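Here's the structure, in structure tokens; my notes come after.
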Amino acid sequence: MPRDEAVIGCTGTVLIGTRGSAGPGEVLVRVRGGSETFLAWSEDPLPKGATVLVIESRGCREVGVIEWKDPLDALDGDPAGAG
């Protein structure tokens, strides 16, 4: 199956929670100027509403994901190096 390289590195939201090795869930990913849904596999279970980063394409409409926390959110509004 052809891999969808465009989706790797994109972020999305879990629509149906993943179950880790017990099975996939579904994610809505912002890609190609819009949003698309994919069957999503993760190493650890991820709940509905979690933000994810696509780390691999597993073929047509299937992706591997990890939970994602935006590093800019950790700054709490303080620009790095300002002072």
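Each chain in the structure tokens gets a letter, A, B and so on, in the order shown; residues start at 1 in every chain, and ligands are counted from 1 in the order they appear.
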
Problem - Test item: residues at most 9 Å from Trp68 of chain A, only C-alpha atoms, excluding those fewer than 4 positions along its chain, as number ranges by chain - result: A: 11-12, 50-53

Problem - For Arg30 of chain A: contacts at 12 Å, only C-alpha atoms, fewer than 5 positions along chain excluded, given as a PyMOL selection string - result: chain A and resi 6-14+35-38+51-54

Problem - Pairwise distance for atom CA of Lys69 of chain A and atom CA of Pro2 of chain A, rounded to one decimal in Å - result: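 Result for atom CA of Lys69 of chain A versus atom CA of Pro2 of chain A: 29.0 Å, one decimal.
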
Exercise for the section: Per DSSP on the backbone, filter chain A down to the residues in strand (DSSP E) and report them as a ChimeraX atom specification. Expected result: /A:11-16,25-31,34-41,51-57,62-67

Problem - Who sits within 12 Å of Glu43 of chain A, only C-alpha atoms, same chain under 2 positions skipped, as a list in words - result: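 Close residues of Glu43 of chain A: Thr18, Arg19, Gly20, Ser21, Ala22, Gly23, Pro24, Gly25, Ala40, Trp41, Pro45, Leu46, Ile55, Val63, Gly64, Val65, Ile66 and Glu67 of chain A.
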
Exercise for the section: Looking only at helix (DSSP H, G or I) from DSSP on the backbone, list the matching residues of chain A as number ranges by chain. Expected result: A: 5-7, 20-22, 71-75

Handout entry: Selected residue of minimal separation from Val27 of chain A among A:Gly49, A:Asp44, A:Arg58, A:Arg3, counting only C-alpha atoms
Key = A:Gly49
